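Q: See input03.txt below, with compact mmCIF, C-alpha atoms.
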```
# COMPACT_ATOMS: atom_id res chain seq x y z
CA MET T 1 15.69 16.24 -14.39
CA ILE T 2 13.59 14.87 -11.53
CA LYS T 3 9.90 15.52 -11.00
CA LYS T 4 8.69 17.94 -8.36
CA SER T 5 6.77 15.20 -6.52
CA TYR T 6 9.88 12.98 -6.43
CA TYR T 7 11.91 15.87 -4.98
CA LYS T 8 9.23 16.72 -2.38
CA ILE T 9 9.11 13.14 -1.09
CA LEU T 10 12.87 12.79 -0.96
CA GLN T 11 13.22 16.15 0.81
CA LEU T 12 10.60 15.26 3.44
CA ILE T 13 12.29 11.93 4.19
CA TYR T 14 15.70 13.59 4.44
CA TYR T 15 14.63 16.43 6.76
CA SER T 16 12.34 14.31 8.95
CA PRO T 17 13.66 10.74 9.18
CA GLY T 18 11.17 8.25 10.56
CA ILE T 19 8.21 10.03 8.94
CA ARG T 20 5.07 7.91 8.73
CA LEU T 21 3.72 6.97 5.31
CA ASN T 22 0.37 8.73 5.70
CA GLU T 23 2.07 11.89 6.97
CA LEU T 24 4.51 11.77 4.04
CA ILE T 25 1.67 11.53 1.52
CA ARG T 26 -0.26 14.35 3.19
CA LYS T 27 2.71 16.75 3.44
CA SER T 28 4.06 16.06 -0.04
CA ASN T 29 0.60 16.68 -1.53
CA VAL T 30 0.79 13.80 -4.03
CA SER T 31 -1.60 10.94 -4.68
CA VAL T 32 -1.21 7.63 -2.87
CA ALA T 33 -0.38 5.76 -6.08
CA THR T 34 2.32 8.27 -7.04
CA ALA T 35 3.84 8.19 -3.56
CA LYS T 36 3.94 4.38 -3.49
CA THR T 37 5.53 4.25 -6.95
CA ILE T 38 8.23 6.74 -5.95
CA LEU T 39 8.88 5.02 -2.60
CA ASP T 40 9.17 1.61 -4.26
CA GLU T 41 11.68 3.04 -6.72
CA LEU T 42 13.72 4.65 -3.94
CA LEU T 43 13.69 1.43 -1.90
CA GLU T 44 14.69 -0.65 -4.93
CA ASN T 45 17.71 1.59 -5.57
CA ASN T 46 18.70 1.54 -1.86
CA ILE T 47 18.37 5.32 -1.53
CA ILE T 48 16.04 5.06 1.47
CA LYS T 49 15.14 2.40 4.03
CA ASP T 50 11.83 1.67 5.67
CA LYS T 51 10.71 0.08 8.90
CA ILE T 52 7.46 -1.86 8.82
CA VAL T 53 5.46 -2.67 11.96
CA ARG T 54 3.05 -5.53 11.30
CA GLY T 55 -0.06 -6.59 13.15
CA GLU T 56 -1.62 -10.02 12.90
CA LYS T 57 -2.75 -9.72 9.28
CA LYS T 58 -1.76 -6.33 7.89
CA ILE T 59 0.83 -3.55 8.13
CA ILE T 60 0.09 -1.19 11.01
CA LEU T 61 2.87 1.36 10.55
CA ARG T 62 5.47 2.10 7.87
CA LYS T 63 8.27 4.60 8.53
CA GLU T 64 10.73 5.93 5.97
CA PHE T 65 14.40 6.75 6.64
CA ALA T 66 17.08 8.41 4.49
```
As structure tokens - that is how I would like this structure written.

A:
Amino acid sequence: MIKKSYYKILQLIYYSPGIRLNELIRKSNVSVATAKTILDELLENNIIKDKIVRGEKKIILRKEFA
């Protein structure tokens, strides 16, 4: 059985590939820490991929793909 938050995040990534991280957190209605934990788990298991756009010192944009 998977958690509702896990399912919401996975569903949003599947139906809107290339969704930005902040938009994903806002639409899934979960906390930032929960979203990052779930995304790290999905990335570790190669279920999703992400594209990171970096600035000089920090990450500017992070997009998630199914």

Q: What's around Ser28 of chain T at 8 Å? Count all atoms listed in the file, leave out sequence neighbours fewer than 4 positions away in its own chain, and write the answer as a JSON list (two decimals) with C-alpha atoms, in the coordinates of the input.

A:
```json
[["chain", "number", "residue", "atom", "x", "y", "z"],
["T", 5, "SER", "CA", 6.77, 15.20, -6.52],
["T", 8, "LYS", "CA", 9.23, 16.72, -2.38],
["T", 9, "ILE", "CA", 9.11, 13.14, -1.09],
["T", 12, "LEU", "CA", 10.60, 15.26, 3.44],
["T", 24, "LEU", "CA", 4.51, 11.77, 4.04]]
```

Q: For Lys4 of chain T, which residue among T:Val30, T:Leu61, T:Leu42, T:Ile25 is the nearest when counting all atoms listed in the file?

A: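 Among T:Val30, T:Leu61, T:Leu42, T:Ile25, it is T:Val30 that comes nearest to Lys4 of chain T.
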
Q: Which of these residues is nearest to Lys51 of chain T, using all atoms listed in the file: T:Leu21, T:Glu64, T:Leu39, T:Ser16?

A: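 Of T:Leu21, T:Glu64, T:Leu39, T:Ser16, the one nearest Lys51 of chain T is T:Glu64, counting all atoms listed in the file.
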
Q: To test the calculation: enclose all listed atoms of segment 11-30 of chain T in a box whose edges run along x, y and z, add 6 Å on each side, then state centre and edge lengths in Å to one decimal, as AutoDock Vina command-line options.

A:
```
--center_x 7.7 --center_y 11.9 --center_z 3.3 --size_x 28.0 --size_y 21.8 --size_z 26.6
```

Q: Would you list the contacts of Ala66 of chain T as a list in words, taking every protein, DNA or RNA residue within 6 Å and counting only C-alpha atoms, but skipping same-chain residues closer than 2 positions in sequence?

A: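 So, after excluding close chain neighbours, the residues are Ile13, Tyr14 and Ile48 of chain T.
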
Q: Looking at all atoms listed in the file, which of T:Lys63, T:Pro17, T:Tyr6, T:Lys57 is the one that sits closest to Ala35 of chain T?

A: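 Counting all atoms listed in the file, the residue closest to Ala35 of chain T is T:Tyr6.
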
Q: For the atom pair atom CA of Tyr7 of chain T and atom CA of Ile38 of chain T, what is the interatomic distance in Å to one decimal place?

A: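 The value is 9.9 Å.
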
Q: Of the residues T:Lys27, T:Lys36, T:Arg62, T:Lys49, which is the one nearest to Gln11 of chain T, using only C-alpha atoms?

A: T:Lys27

Q: Grab the atom CA of Arg20 of chain T to atom CA of Gly55 of chain T distance for me, in Å with one decimal place.

A: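 Interatomic distance, atom CA of Arg20 of chain T to atom CA of Gly55 of chain T: 16.0 Å.
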
Q: Could you model all heavy atoms for segment 29-40 of chain T and present them as a PDB file, keeping the file's coordinate frame?

A:
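Output contents, as saved in selection.pdb:
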```pdb
ATOM      1  N   ASN T  29       1.720  16.272  -0.688  1.00  0.00           N
ATOM      2  CA  ASN T  29       0.600  16.680  -1.530  1.00  0.00           C
ATOM      3  C   ASN T  29       0.585  15.945  -2.878  1.00  0.00           C
ATOM      4  O   ASN T  29       0.362  16.553  -3.914  1.00  0.00           O
ATOM      5  CB  ASN T  29       0.601  18.187  -1.723  1.00  0.00           C
ATOM      6  CG  ASN T  29      -0.774  18.725  -2.031  1.00  0.00           C
ATOM      7  OD1 ASN T  29      -1.755  18.041  -1.834  1.00  0.00           O
ATOM      8  ND2 ASN T  29      -0.848  19.949  -2.516  1.00  0.00           N
ATOM      9  N   VAL T  30       0.856  14.638  -2.833  1.00  0.00           N
ATOM     10  CA  VAL T  30       0.790  13.800  -4.030  1.00  0.00           C
ATOM     11  C   VAL T  30      -0.218  12.685  -3.782  1.00  0.00           C
ATOM     12  O   VAL T  30      -0.606  12.428  -2.644  1.00  0.00           O
ATOM     13  CB  VAL T  30       2.165  13.195  -4.416  1.00  0.00           C
ATOM     14  CG1 VAL T  30       3.150  14.273  -4.748  1.00  0.00           C
ATOM     15  CG2 VAL T  30       2.696  12.306  -3.324  1.00  0.00           C
ATOM     16  N   SER T  31      -0.645  12.024  -4.837  1.00  0.00           N
ATOM     17  CA  SER T  31      -1.600  10.940  -4.680  1.00  0.00           C
ATOM     18  C   SER T  31      -0.921   9.716  -4.052  1.00  0.00           C
ATOM     19  O   SER T  31       0.305   9.586  -4.072  1.00  0.00           O
ATOM     20  CB  SER T  31      -2.211  10.551  -6.032  1.00  0.00           C
ATOM     21  OG  SER T  31      -1.248   9.904  -6.825  1.00  0.00           O
ATOM     22  N   VAL T  32      -1.725   8.835  -3.521  1.00  0.00           N
ATOM     23  CA  VAL T  32      -1.210   7.630  -2.870  1.00  0.00           C
ATOM     24  C   VAL T  32      -0.471   6.750  -3.864  1.00  0.00           C
ATOM     25  O   VAL T  32       0.616   6.232  -3.570  1.00  0.00           O
ATOM     26  CB  VAL T  32      -2.369   6.848  -2.196  1.00  0.00           C
ATOM     27  CG1 VAL T  32      -1.873   5.543  -1.620  1.00  0.00           C
ATOM     28  CG2 VAL T  32      -3.031   7.683  -1.127  1.00  0.00           C
ATOM     29  N   ALA T  33      -1.021   6.598  -5.055  1.00  0.00           N
ATOM     30  CA  ALA T  33      -0.380   5.760  -6.080  1.00  0.00           C
ATOM     31  C   ALA T  33       0.967   6.317  -6.497  1.00  0.00           C
ATOM     32  O   ALA T  33       1.942   5.573  -6.636  1.00  0.00           O
ATOM     33  CB  ALA T  33      -1.299   5.641  -7.285  1.00  0.00           C
ATOM     34  N   THR T  34       1.055   7.634  -6.663  1.00  0.00           N
ATOM     35  CA  THR T  34       2.320   8.270  -7.040  1.00  0.00           C
ATOM     36  C   THR T  34       3.348   8.105  -5.934  1.00  0.00           C
ATOM     37  O   THR T  34       4.505   7.779  -6.198  1.00  0.00           O
ATOM     38  CB  THR T  34       2.108   9.768  -7.333  1.00  0.00           C
ATOM     39  OG1 THR T  34       1.117   9.912  -8.335  1.00  0.00           O
ATOM     40  CG2 THR T  34       3.388  10.433  -7.774  1.00  0.00           C
ATOM     41  N   ALA T  35       2.929   8.315  -4.697  1.00  0.00           N
ATOM     42  CA  ALA T  35       3.840   8.190  -3.560  1.00  0.00           C
ATOM     43  C   ALA T  35       4.370   6.762  -3.443  1.00  0.00           C
ATOM     44  O   ALA T  35       5.571   6.558  -3.233  1.00  0.00           O
ATOM     45  CB  ALA T  35       3.148   8.599  -2.271  1.00  0.00           C
ATOM     46  N   LYS T  36       3.504   5.776  -3.592  1.00  0.00           N
ATOM     47  CA  LYS T  36       3.940   4.380  -3.490  1.00  0.00           C
ATOM     48  C   LYS T  36       4.893   4.011  -4.615  1.00  0.00           C
ATOM     49  O   LYS T  36       5.864   3.287  -4.397  1.00  0.00           O
ATOM     50  CB  LYS T  36       2.739   3.445  -3.460  1.00  0.00           C
ATOM     51  CG  LYS T  36       2.013   3.485  -2.135  1.00  0.00           C
ATOM     52  CD  LYS T  36       0.970   2.419  -2.056  1.00  0.00           C
ATOM     53  CE  LYS T  36       0.333   2.424  -0.675  1.00  0.00           C
ATOM     54  NZ  LYS T  36      -0.560   1.296  -0.480  1.00  0.00           N
ATOM     55  N   THR T  37       4.641   4.511  -5.819  1.00  0.00           N
ATOM     56  CA  THR T  37       5.530   4.250  -6.950  1.00  0.00           C
ATOM     57  C   THR T  37       6.918   4.833  -6.694  1.00  0.00           C
ATOM     58  O   THR T  37       7.934   4.165  -6.902  1.00  0.00           O
ATOM     59  CB  THR T  37       4.954   4.854  -8.243  1.00  0.00           C
ATOM     60  OG1 THR T  37       3.663   4.322  -8.460  1.00  0.00           O
ATOM     61  CG2 THR T  37       5.842   4.556  -9.428  1.00  0.00           C
ATOM     62  N   ILE T  38       6.948   6.076  -6.228  1.00  0.00           N
ATOM     63  CA  ILE T  38       8.230   6.740  -5.950  1.00  0.00           C
ATOM     64  C   ILE T  38       8.959   6.050  -4.808  1.00  0.00           C
ATOM     65  O   ILE T  38      10.170   5.807  -4.886  1.00  0.00           O
ATOM     66  CB  ILE T  38       8.001   8.237  -5.639  1.00  0.00           C
ATOM     67  CG1 ILE T  38       7.519   8.965  -6.891  1.00  0.00           C
ATOM     68  CG2 ILE T  38       9.269   8.890  -5.100  1.00  0.00           C
ATOM     69  CD1 ILE T  38       7.043  10.381  -6.655  1.00  0.00           C
ATOM     70  N   LEU T  39       8.249   5.689  -3.742  1.00  0.00           N
ATOM     71  CA  LEU T  39       8.880   5.020  -2.600  1.00  0.00           C
ATOM     72  C   LEU T  39       9.427   3.646  -2.989  1.00  0.00           C
ATOM     73  O   LEU T  39      10.518   3.269  -2.563  1.00  0.00           O
ATOM     74  CB  LEU T  39       7.892   4.885  -1.447  1.00  0.00           C
ATOM     75  CG  LEU T  39       7.561   6.186  -0.725  1.00  0.00           C
ATOM     76  CD1 LEU T  39       6.445   5.957   0.277  1.00  0.00           C
ATOM     77  CD2 LEU T  39       8.784   6.758  -0.044  1.00  0.00           C
ATOM     78  N   ASP T  40       8.684   2.910  -3.800  1.00  0.00           N
ATOM     79  CA  ASP T  40       9.170   1.610  -4.260  1.00  0.00           C
ATOM     80  C   ASP T  40      10.441   1.751  -5.090  1.00  0.00           C
ATOM     81  O   ASP T  40      11.374   0.957  -4.958  1.00  0.00           O
ATOM     82  CB  ASP T  40       8.102   0.876  -5.061  1.00  0.00           C
ATOM     83  CG  ASP T  40       6.971   0.363  -4.195  1.00  0.00           C
ATOM     84  OD1 ASP T  40       7.173   0.242  -2.968  1.00  0.00           O
ATOM     85  OD2 ASP T  40       5.887   0.089  -4.741  1.00  0.00           O
TER      86      ASP T  40
END
```
